[in-house]
Amino acid sequence: MTDILRIDNLNKHFGRIKAVQSLNLEVKAGQVYGLLGPNGSGKTTTLGMILDVVAPSSGTFEWFGGKANVDSRKQIGAILETPCFYPYLNAIQNLKIIAHIKECSNHRIEEVLLQVGLLERKTDQFKAYSLGMKQRLSIAAALLSNPPVLILDEPTNGLDPQGIAEVRVLIQDIADQGKTIILASHLLDEVQKVCTHFCVLRKGEKLHEGPVSDILGETNAVELVSDNQNQLEGVLKDFKGAVDIHPEKDQLVLELADGISAADVNQYCFEKQIVLKKLVTRKNSLEEEFLKILKEHDQSI
């Protein structure tokens, strides 16, 4: 895959504060790459440096296999922090100003408004928009010049659940068009549902990097529910494929021996005349992996 972005030993210090420390990253074409970390972990500072908004203390980065320059920046659409538009202008008028600044034509304005679901509200003043609509308009502005790369800094920050879902679907639709997306977030669920690859940052340091799919595979455990949980637990204690069984909220979690599957559990319960209302193979979560990464890092210090 083609390199879109390469970061080599990038550092940013604000006096004694080390905001970013010896950061190395590679983003390939077509990836949705998540920078994951708590507030203050260096995500926004990193995005600011690769967009030439913040000057690095040391280190280098390259876009599209070469040094950053005006031509490479024209191929990047970006949203850093709070969307900024004229409140008394409507979507069309605001995007015309953006098009003038970006030196691109106006012919894509209605196209991008349709893409972000704002075409029917194109003549409404920006001040009348909800937070989710304002964020979607900022994404429309980033898409106006049809860049192959999109950079989003906390794209769902401050949104209600409906707004988060709308922006998430929009990001997935944009990624499906083949664009490369670099997304910074402190929300684990957002990164898990949207990103193909991620790295974990804390206090400016990269603690982990890799594909999201590597940690979201199935575990060797199943979740079970029946009409009589006590009876089910008693029966499963005699199941030879069980390693451990324990209650968790309104269900039982059964850890299985190697070579034992959910189908084996289902067959065993059927033979014991127990009807299961739920039998689901448990999957790893990004939250569990994130906490594990932090714990392992703390133990290594």
# chains A, B, ... in the order shown; residues from 1 in each chain; ligands from 1

$ residues_around --residues "region 226-228 of chain A" --least-positions-apart "6" --cutoff "10 Å" --atoms "only C-alpha atoms" --output "NGL selection string"
:A and (250-252 or 274-279)

$ write_last_selection --atoms "N, CA and C atoms" --output "mmCIF file, in the first residue's frame"
data_model
loop_
_atom_site.group_PDB
_atom_site.id
_atom_site.type_symbol
_atom_site.label_atom_id
_atom_site.label_comp_id
_atom_site.auth_asym_id
_atom_site.auth_seq_id
_atom_site.Cartn_x
_atom_site.Cartn_y
_atom_site.Cartn_z
ATOM 1 N N ASP A 250 -26.886 -10.067 34.063
ATOM 2 C CA ASP A 250 -28.011 -10.992 33.914
ATOM 3 C C ASP A 250 -27.670 -12.199 33.047
ATOM 4 N N GLN A 251 -26.392 -12.515 32.911
ATOM 5 C CA GLN A 251 -25.989 -13.636 32.072
ATOM 6 C C GLN A 251 -24.862 -14.414 32.737
ATOM 7 N N LEU A 252 -24.564 -15.587 32.143
ATOM 8 C CA LEU A 252 -23.416 -16.377 32.568
ATOM 9 C C LEU A 252 -22.338 -16.282 31.500
ATOM 10 N N ILE A 274 -32.218 -28.013 28.263
ATOM 11 C CA ILE A 274 -32.210 -26.594 28.603
ATOM 12 C C ILE A 274 -32.256 -25.778 27.317
ATOM 13 N N VAL A 275 -33.245 -24.923 27.235
ATOM 14 C CA VAL A 275 -33.379 -24.050 26.067
ATOM 15 C C VAL A 275 -32.671 -22.724 26.361
ATOM 16 N N LEU A 276 -31.738 -22.374 25.516
ATOM 17 C CA LEU A 276 -30.974 -21.134 25.693
ATOM 18 C C LEU A 276 -31.675 -19.973 24.999
ATOM 19 N N LYS A 277 -31.846 -18.877 25.733
ATOM 20 C CA LYS A 277 -32.409 -17.662 25.149
ATOM 21 C C LYS A 277 -31.315 -16.813 24.498
ATOM 22 N N LYS A 278 -30.083 -17.065 24.951
ATOM 23 C CA LYS A 278 -28.944 -16.334 24.385
ATOM 24 C C LYS A 278 -27.718 -17.216 24.429
ATOM 25 N N LEU A 279 -27.014 -17.266 23.306
ATOM 26 C CA LEU A 279 -25.719 -17.944 23.229
ATOM 27 C C LEU A 279 -24.869 -17.165 22.232
#

$ select_by_dssp --residues "region 93-267 of chain A" --states "strand (DSSP E or B)" --output "PyMOL selection string"
chain A and resi 125+149-153+180-185+197-202+205-211+218-226+242-248+251-256

$ closest_atom_pairs --of "region 94-159 of chain A" --to "region 57-76 of chain A" --cutoff "12 Å" --atoms "only C-alpha atoms" --output "CSV"
residue,atom,partner,partner_atom,distance
A:Ile101,CA,A:Lys74,CA,11.3
A:Lys102,CA,A:Lys74,CA,7.9
A:Glu103,CA,A:Lys74,CA,9.6
A:Cys104,CA,A:Lys74,CA,10.0
A:Ala141,CA,A:Ile76,CA,11.5
A:Ala142,CA,A:Ile76,CA,8.0
A:Leu143,CA,A:Ile76,CA,8.9
A:Leu144,CA,A:Ile76,CA,10.6
A:Ser145,CA,A:Gln75,CA,8.0
A:Asn146,CA,A:Gln75,CA,7.9
A:Pro147,CA,A:Gln75,CA,4.6
A:Pro148,CA,A:Gln75,CA,6.0
A:Val149,CA,A:Ile76,CA,4.9
A:Leu150,CA,A:Ile76,CA,5.8
A:Ile151,CA,A:Ile76,CA,7.3
A:Leu152,CA,A:Ile76,CA,10.7

$ select_by_dssp --residues "region 172-298 of chain A" --states "helix (DSSP H, G or I)" --output "mmCIF file with N, CA and C atoms, in the first residue's frame"
data_model
loop_
_atom_site.group_PDB
_atom_site.id
_atom_site.type_symbol
_atom_site.label_atom_id
_atom_site.label_comp_id
_atom_site.auth_asym_id
_atom_site.auth_seq_id
_atom_site.Cartn_x
_atom_site.Cartn_y
_atom_site.Cartn_z
ATOM 1 N N GLN A 172 -17.854 6.765 7.870
ATOM 2 C CA GLN A 172 -17.797 5.446 7.229
ATOM 3 C C GLN A 172 -18.098 5.555 5.740
ATOM 4 N N ASP A 173 -19.083 6.395 5.380
ATOM 5 C CA ASP A 173 -19.417 6.584 3.959
ATOM 6 C C ASP A 173 -18.250 7.212 3.203
ATOM 7 N N ILE A 174 -17.590 8.191 3.816
ATOM 8 C CA ILE A 174 -16.441 8.839 3.174
ATOM 9 C C ILE A 174 -15.303 7.836 2.993
ATOM 10 N N ALA A 175 -15.067 7.001 4.016
ATOM 11 C CA ALA A 175 -14.014 5.988 3.923
ATOM 12 C C ALA A 175 -14.320 4.980 2.823
ATOM 13 N N ASP A 176 -15.599 4.646 2.648
ATOM 14 C CA ASP A 176 -15.995 3.687 1.610
ATOM 15 C C ASP A 176 -15.711 4.209 0.207
ATOM 16 N N LEU A 188 -13.289 5.499 22.888
ATOM 17 C CA LEU A 188 -12.915 4.151 22.461
ATOM 18 C C LEU A 188 -13.926 3.569 21.490
ATOM 19 N N ASP A 189 -15.211 3.764 21.774
ATOM 20 C CA ASP A 189 -16.254 3.190 20.938
ATOM 21 C C ASP A 189 -16.208 3.756 19.523
ATOM 22 N N GLU A 190 -15.918 5.046 19.432
ATOM 23 C CA GLU A 190 -15.837 5.706 18.129
ATOM 24 C C GLU A 190 -14.720 5.096 17.277
ATOM 25 N N VAL A 191 -13.542 4.941 17.882
ATOM 26 C CA VAL A 191 -12.399 4.378 17.161
ATOM 27 C C VAL A 191 -12.670 2.919 16.775
ATOM 28 N N GLN A 192 -13.269 2.165 17.679
ATOM 29 C CA GLN A 192 -13.540 0.753 17.400
ATOM 30 C C GLN A 192 -14.493 0.586 16.224
ATOM 31 N N LYS A 193 -15.510 1.438 16.120
ATOM 32 C CA LYS A 193 -16.530 1.285 15.086
ATOM 33 C C LYS A 193 -16.130 1.863 13.740
ATOM 34 N N VAL A 194 -15.191 2.806 13.737
ATOM 35 C CA VAL A 194 -14.882 3.537 12.506
ATOM 36 C C VAL A 194 -13.516 3.188 11.916
ATOM 37 N N VAL A 212 -7.086 -2.504 14.008
ATOM 38 C CA VAL A 212 -8.167 -2.704 14.972
ATOM 39 C C VAL A 212 -8.630 -4.159 14.950
ATOM 40 N N SER A 213 -8.631 -4.767 13.764
ATOM 41 C CA SER A 213 -9.125 -6.143 13.618
ATOM 42 C C SER A 213 -8.305 -7.142 14.425
ATOM 43 N N ASP A 214 -7.036 -6.827 14.691
ATOM 44 C CA ASP A 214 -6.183 -7.753 15.447
ATOM 45 C C ASP A 214 -6.653 -7.953 16.880
ATOM 46 N N GLN A 229 -31.395 -19.419 35.339
ATOM 47 C CA GLN A 229 -29.948 -19.245 35.333
ATOM 48 C C GLN A 229 -29.250 -20.148 36.353
ATOM 49 N N ASN A 230 -29.887 -20.367 37.497
ATOM 50 C CA ASN A 230 -29.278 -21.233 38.507
ATOM 51 C C ASN A 230 -29.154 -22.666 38.005
ATOM 52 N N GLN A 231 -30.217 -23.144 37.344
ATOM 53 C CA GLN A 231 -30.182 -24.489 36.776
ATOM 54 C C GLN A 231 -29.119 -24.578 35.674
ATOM 55 N N LEU A 232 -29.055 -23.557 34.848
ATOM 56 C CA LEU A 232 -28.079 -23.535 33.759
ATOM 57 C C LEU A 232 -26.658 -23.573 34.319
ATOM 58 N N GLU A 233 -26.388 -22.786 35.349
ATOM 59 C CA GLU A 233 -25.052 -22.771 35.932
ATOM 60 C C GLU A 233 -24.685 -24.128 36.517
ATOM 61 N N GLY A 234 -25.651 -24.766 37.172
ATOM 62 C CA GLY A 234 -25.392 -26.086 37.747
ATOM 63 C C GLY A 234 -25.068 -27.115 36.692
ATOM 64 N N VAL A 235 -25.789 -27.096 35.589
ATOM 65 C CA VAL A 235 -25.561 -28.051 34.499
ATOM 66 C C VAL A 235 -24.211 -27.810 33.834
ATOM 67 N N LEU A 236 -23.867 -26.537 33.625
ATOM 68 C CA LEU A 236 -22.620 -26.213 32.934
ATOM 69 C C LEU A 236 -21.377 -26.560 33.755
ATOM 70 N N ALA A 262 -18.978 -22.804 20.565
ATOM 71 C CA ALA A 262 -20.323 -22.480 21.017
ATOM 72 C C ALA A 262 -21.313 -23.559 20.600
ATOM 73 N N ALA A 263 -21.079 -24.174 19.440
ATOM 74 C CA ALA A 263 -21.965 -25.244 18.976
ATOM 75 C C ALA A 263 -21.928 -26.436 19.942
ATOM 76 N N ASP A 264 -20.764 -26.731 20.496
ATOM 77 C CA ASP A 264 -20.648 -27.826 21.476
ATOM 78 C C ASP A 264 -21.460 -27.514 22.734
ATOM 79 N N VAL A 265 -21.410 -26.250 23.162
ATOM 80 C CA VAL A 265 -22.171 -25.835 24.342
ATOM 81 C C VAL A 265 -23.667 -25.943 24.067
ATOM 82 N N ASN A 266 -24.076 -25.489 22.896
ATOM 83 C CA ASN A 266 -25.490 -25.548 22.524
ATOM 84 C C ASN A 266 -25.993 -26.994 22.493
ATOM 85 N N GLN A 267 -25.208 -27.890 21.920
ATOM 86 C CA GLN A 267 -25.587 -29.304 21.852
ATOM 87 C C GLN A 267 -25.699 -29.907 23.251
ATOM 88 N N TYR A 268 -24.766 -29.567 24.124
ATOM 89 C CA TYR A 268 -24.762 -30.086 25.497
ATOM 90 C C TYR A 268 -26.019 -29.624 26.248
ATOM 91 N N CYS A 269 -26.343 -28.333 26.120
ATOM 92 C CA CYS A 269 -27.528 -27.807 26.805
ATOM 93 C C CYS A 269 -28.804 -28.424 26.247
ATOM 94 N N PHE A 270 -28.842 -28.654 24.948
ATOM 95 C CA PHE A 270 -30.006 -29.293 24.325
ATOM 96 C C PHE A 270 -30.205 -30.705 24.881
ATOM 97 N N GLU A 271 -29.107 -31.443 25.027
ATOM 98 C CA GLU A 271 -29.185 -32.804 25.573
ATOM 99 C C GLU A 271 -29.638 -32.798 27.024
ATOM 100 N N LEU A 286 -12.094 -2.897 22.274
ATOM 101 C CA LEU A 286 -10.988 -1.945 22.267
ATOM 102 C C LEU A 286 -10.755 -1.387 23.674
ATOM 103 N N GLU A 287 -11.826 -1.272 24.447
ATOM 104 C CA GLU A 287 -11.682 -0.780 25.815
ATOM 105 C C GLU A 287 -10.792 -1.706 26.641
ATOM 106 N N GLU A 288 -11.032 -3.022 26.536
ATOM 107 C CA GLU A 288 -10.216 -3.980 27.279
ATOM 108 C C GLU A 288 -8.759 -3.918 26.842
ATOM 109 N N GLU A 289 -8.541 -3.817 25.529
ATOM 110 C CA GLU A 289 -7.175 -3.764 25.015
ATOM 111 C C GLU A 289 -6.487 -2.464 25.432
ATOM 112 N N PHE A 290 -7.235 -1.375 25.405
ATOM 113 C CA PHE A 290 -6.700 -0.072 25.784
ATOM 114 C C PHE A 290 -6.219 -0.094 27.235
ATOM 115 N N LEU A 291 -7.056 -0.610 28.121
ATOM 116 C CA LEU A 291 -6.683 -0.689 29.532
ATOM 117 C C LEU A 291 -5.495 -1.627 29.743
ATOM 118 N N LYS A 292 -5.464 -2.697 28.965
ATOM 119 C CA LYS A 292 -4.344 -3.642 29.046
ATOM 120 C C LYS A 292 -3.040 -2.985 28.616
ATOM 121 N N ILE A 293 -3.096 -2.194 27.537
ATOM 122 C CA ILE A 293 -1.906 -1.498 27.035
ATOM 123 C C ILE A 293 -1.384 -0.529 28.088
ATOM 124 N N LEU A 294 -2.292 0.234 28.708
ATOM 125 C CA LEU A 294 -1.879 1.191 29.737
ATOM 126 C C LEU A 294 -1.271 0.478 30.931
ATOM 127 N N LYS A 295 -1.866 -0.644 31.337
ATOM 128 C CA LYS A 295 -1.374 -1.390 32.481
ATOM 129 C C LYS A 295 0.013 -1.962 32.203
ATOM 130 N N GLU A 296 0.197 -2.539 31.007
ATOM 131 C CA GLU A 296 1.494 -3.113 30.652
ATOM 132 C C GLU A 296 2.570 -2.033 30.602
ATOM 133 N N HIS A 297 2.198 -0.857 30.104
ATOM 134 C CA HIS A 297 3.164 0.241 30.034
ATOM 135 C C HIS A 297 3.558 0.699 31.432
ATOM 136 N N ASP A 298 2.567 0.793 32.330
ATOM 137 C CA ASP A 298 2.855 1.218 33.700
ATOM 138 C C ASP A 298 3.782 0.239 34.406
#

$ residues_around --residues "Leu10 (chain A)" --least-positions-apart "2" --cutoff "10 Å" --atoms "only C-alpha atoms" --output "PyMOL selection string"
chain A and resi 7-8+12+20-25+46+49-50+56-61

$ closest_residue --among "A:Gly77, A:Gly178, A:Pro247, A:Gly132" --to "Val116 (chain A)" --atoms "only C-alpha atoms"
A:Gly132

$ residues_around --residues "Arg282 (chain A)" --least-positions-apart "5" --cutoff "7 Å" --atoms "only C-alpha atoms" --output "list in words"
Glu218, Thr219, Ala221, Val222 and Glu223 of chain A

$ atom_distance --atom1 "CA of Leu35 (chain A)" --atom2 "CA of Leu216 (chain A)"
17.3 Å

$ closest_residue --among "A:Phe85, A:Ile139, A:His107, A:Gly158" --to "Gln125 (chain A)" --atoms "only C-alpha atoms"
A:Phe85

$ closest_residue --among "A:Gly210, A:Gly163, A:Gly30, A:Gly42" --to "His186 (chain A)" --atoms "only C-alpha atoms"
A:Gly42

$ closest_residue --among "A:Ile215, A:Leu36, A:Ile109, A:Val54" --to "Ser185 (chain A)" --atoms "only C-alpha atoms"
A:Leu36

$ closest_residue --among "A:Asp124, A:Asp153, A:Asp244, A:Glu110" --to "Ala140 (chain A)" --atoms "only C-alpha atoms"
A:Glu110

$ atom_distance --atom1 "CA of Ile182 (chain A)" --atom2 "CA of Glu26 (chain A)"
11.0 Å

$ residues_around --residues "Leu137 (chain A)" --least-positions-apart "4" --cutoff "12 Å" --atoms "only C-alpha atoms" --output "PyMOL selection string"
chain A and resi 79+82-86+90-95+98+109-110+112-119+121-122+124-127+129-133+141-144+155+167+170

$ atom_distance --atom1 "CA of Thr281 (chain A)" --atom2 "CA of His197 (chain A)"
23.5 Å

$ decode --residues "region 17-32 of chain A" --atoms "all heavy atoms" --output "compact mmCIF listing (two decimals), in the first residue's frame"
# COMPACT_ATOMS: atom_id res chain seq x y z
N ILE A 17 7.11 21.07 29.22
CA ILE A 17 6.06 20.10 28.88
C ILE A 17 6.40 19.41 27.57
O ILE A 17 6.58 20.08 26.53
CB ILE A 17 4.69 20.79 28.76
CG1 ILE A 17 4.30 21.42 30.09
CG2 ILE A 17 3.62 19.78 28.32
CD1 ILE A 17 3.04 22.25 30.04
N LYS A 18 6.50 18.09 27.61
CA LYS A 18 6.77 17.30 26.41
C LYS A 18 5.44 16.82 25.84
O LYS A 18 4.92 15.77 26.21
CB LYS A 18 7.69 16.13 26.74
CG LYS A 18 9.06 16.56 27.25
CD LYS A 18 9.93 15.37 27.59
CE LYS A 18 11.30 15.81 28.07
NZ LYS A 18 12.16 14.66 28.43
N ALA A 19 4.88 17.60 24.91
CA ALA A 19 3.54 17.31 24.38
C ALA A 19 3.56 16.09 23.45
O ALA A 19 2.61 15.30 23.44
CB ALA A 19 3.00 18.53 23.64
N VAL A 20 4.63 15.96 22.67
CA VAL A 20 4.81 14.81 21.78
C VAL A 20 6.25 14.37 21.89
O VAL A 20 7.16 15.20 21.81
CB VAL A 20 4.46 15.16 20.31
CG1 VAL A 20 4.74 13.98 19.40
CG2 VAL A 20 3.00 15.60 20.19
N GLN A 21 6.46 13.04 22.05
CA GLN A 21 7.81 12.54 22.29
C GLN A 21 8.16 11.41 21.33
O GLN A 21 7.51 10.36 21.33
CB GLN A 21 7.93 12.02 23.73
CG GLN A 21 7.59 13.03 24.81
CD GLN A 21 7.77 12.46 26.19
OE1 GLN A 21 8.88 12.03 26.55
NE2 GLN A 21 6.70 12.45 26.98
N SER A 22 9.15 11.66 20.49
CA SER A 22 9.74 10.63 19.62
C SER A 22 8.68 9.80 18.91
O SER A 22 8.69 8.57 18.93
CB SER A 22 10.65 9.70 20.44
OG SER A 22 11.65 10.44 21.10
N LEU A 23 7.75 10.48 18.26
CA LEU A 23 6.62 9.81 17.62
C LEU A 23 6.99 9.32 16.22
O LEU A 23 7.49 10.08 15.39
CB LEU A 23 5.43 10.76 17.54
CG LEU A 23 4.14 10.18 16.94
CD1 LEU A 23 3.63 9.01 17.77
CD2 LEU A 23 3.07 11.27 16.84
N ASN A 24 6.72 8.04 15.98
CA ASN A 24 6.90 7.45 14.66
C ASN A 24 5.59 6.79 14.23
O ASN A 24 5.04 5.97 14.96
CB ASN A 24 8.01 6.38 14.69
CG ASN A 24 9.37 6.97 15.01
OD1 ASN A 24 10.01 7.60 14.17
ND2 ASN A 24 9.82 6.79 16.24
N LEU A 25 5.11 7.16 13.04
CA LEU A 25 3.85 6.61 12.53
C LEU A 25 3.91 6.47 11.02
O LEU A 25 4.61 7.21 10.34
CB LEU A 25 2.68 7.55 12.86
CG LEU A 25 2.13 7.63 14.28
CD1 LEU A 25 0.97 8.62 14.31
CD2 LEU A 25 1.69 6.27 14.78
N GLU A 26 3.14 5.51 10.51
CA GLU A 26 2.94 5.38 9.07
C GLU A 26 1.45 5.18 8.80
O GLU A 26 0.82 4.34 9.43
CB GLU A 26 3.71 4.18 8.50
CG GLU A 26 5.21 4.37 8.42
CD GLU A 26 5.90 3.21 7.73
OE1 GLU A 26 5.19 2.36 7.15
OE2 GLU A 26 7.13 3.13 7.78
N VAL A 27 0.92 5.98 7.90
CA VAL A 27 -0.48 5.84 7.49
C VAL A 27 -0.50 5.50 6.01
O VAL A 27 0.11 6.21 5.19
CB VAL A 27 -1.28 7.13 7.76
CG1 VAL A 27 -2.72 6.97 7.30
CG2 VAL A 27 -1.23 7.49 9.24
N LYS A 28 -1.19 4.41 5.67
CA LYS A 28 -1.25 3.94 4.29
C LYS A 28 -2.54 4.41 3.61
O LYS A 28 -3.53 4.72 4.26
CB LYS A 28 -1.19 2.41 4.24
CG LYS A 28 0.02 1.81 4.94
CD LYS A 28 1.30 2.04 4.16
CE LYS A 28 2.47 1.29 4.77
NZ LYS A 28 3.74 1.52 4.03
N ALA A 29 -2.53 4.41 2.29
CA ALA A 29 -3.70 4.81 1.52
C ALA A 29 -4.90 3.92 1.84
O ALA A 29 -4.77 2.70 1.93
CB ALA A 29 -3.38 4.74 0.02
N GLY A 30 -6.05 4.55 2.03
CA GLY A 30 -7.28 3.82 2.27
C GLY A 30 -7.55 3.48 3.72
O GLY A 30 -8.62 3.00 4.07
N GLN A 31 -6.59 3.74 4.61
CA GLN A 31 -6.80 3.45 6.03
C GLN A 31 -7.65 4.53 6.69
O GLN A 31 -7.64 5.69 6.30
CB GLN A 31 -5.46 3.35 6.77
CG GLN A 31 -4.61 2.14 6.41
CD GLN A 31 -3.31 2.08 7.19
OE1 GLN A 31 -2.90 3.05 7.83
NE2 GLN A 31 -2.63 0.95 7.13
N VAL A 32 -8.39 4.11 7.70
CA VAL A 32 -9.01 5.05 8.63
C VAL A 32 -8.20 4.89 9.92
O VAL A 32 -8.36 3.92 10.65
CB VAL A 32 -10.50 4.75 8.87
CG1 VAL A 32 -11.10 5.78 9.82
CG2 VAL A 32 -11.26 4.74 7.55
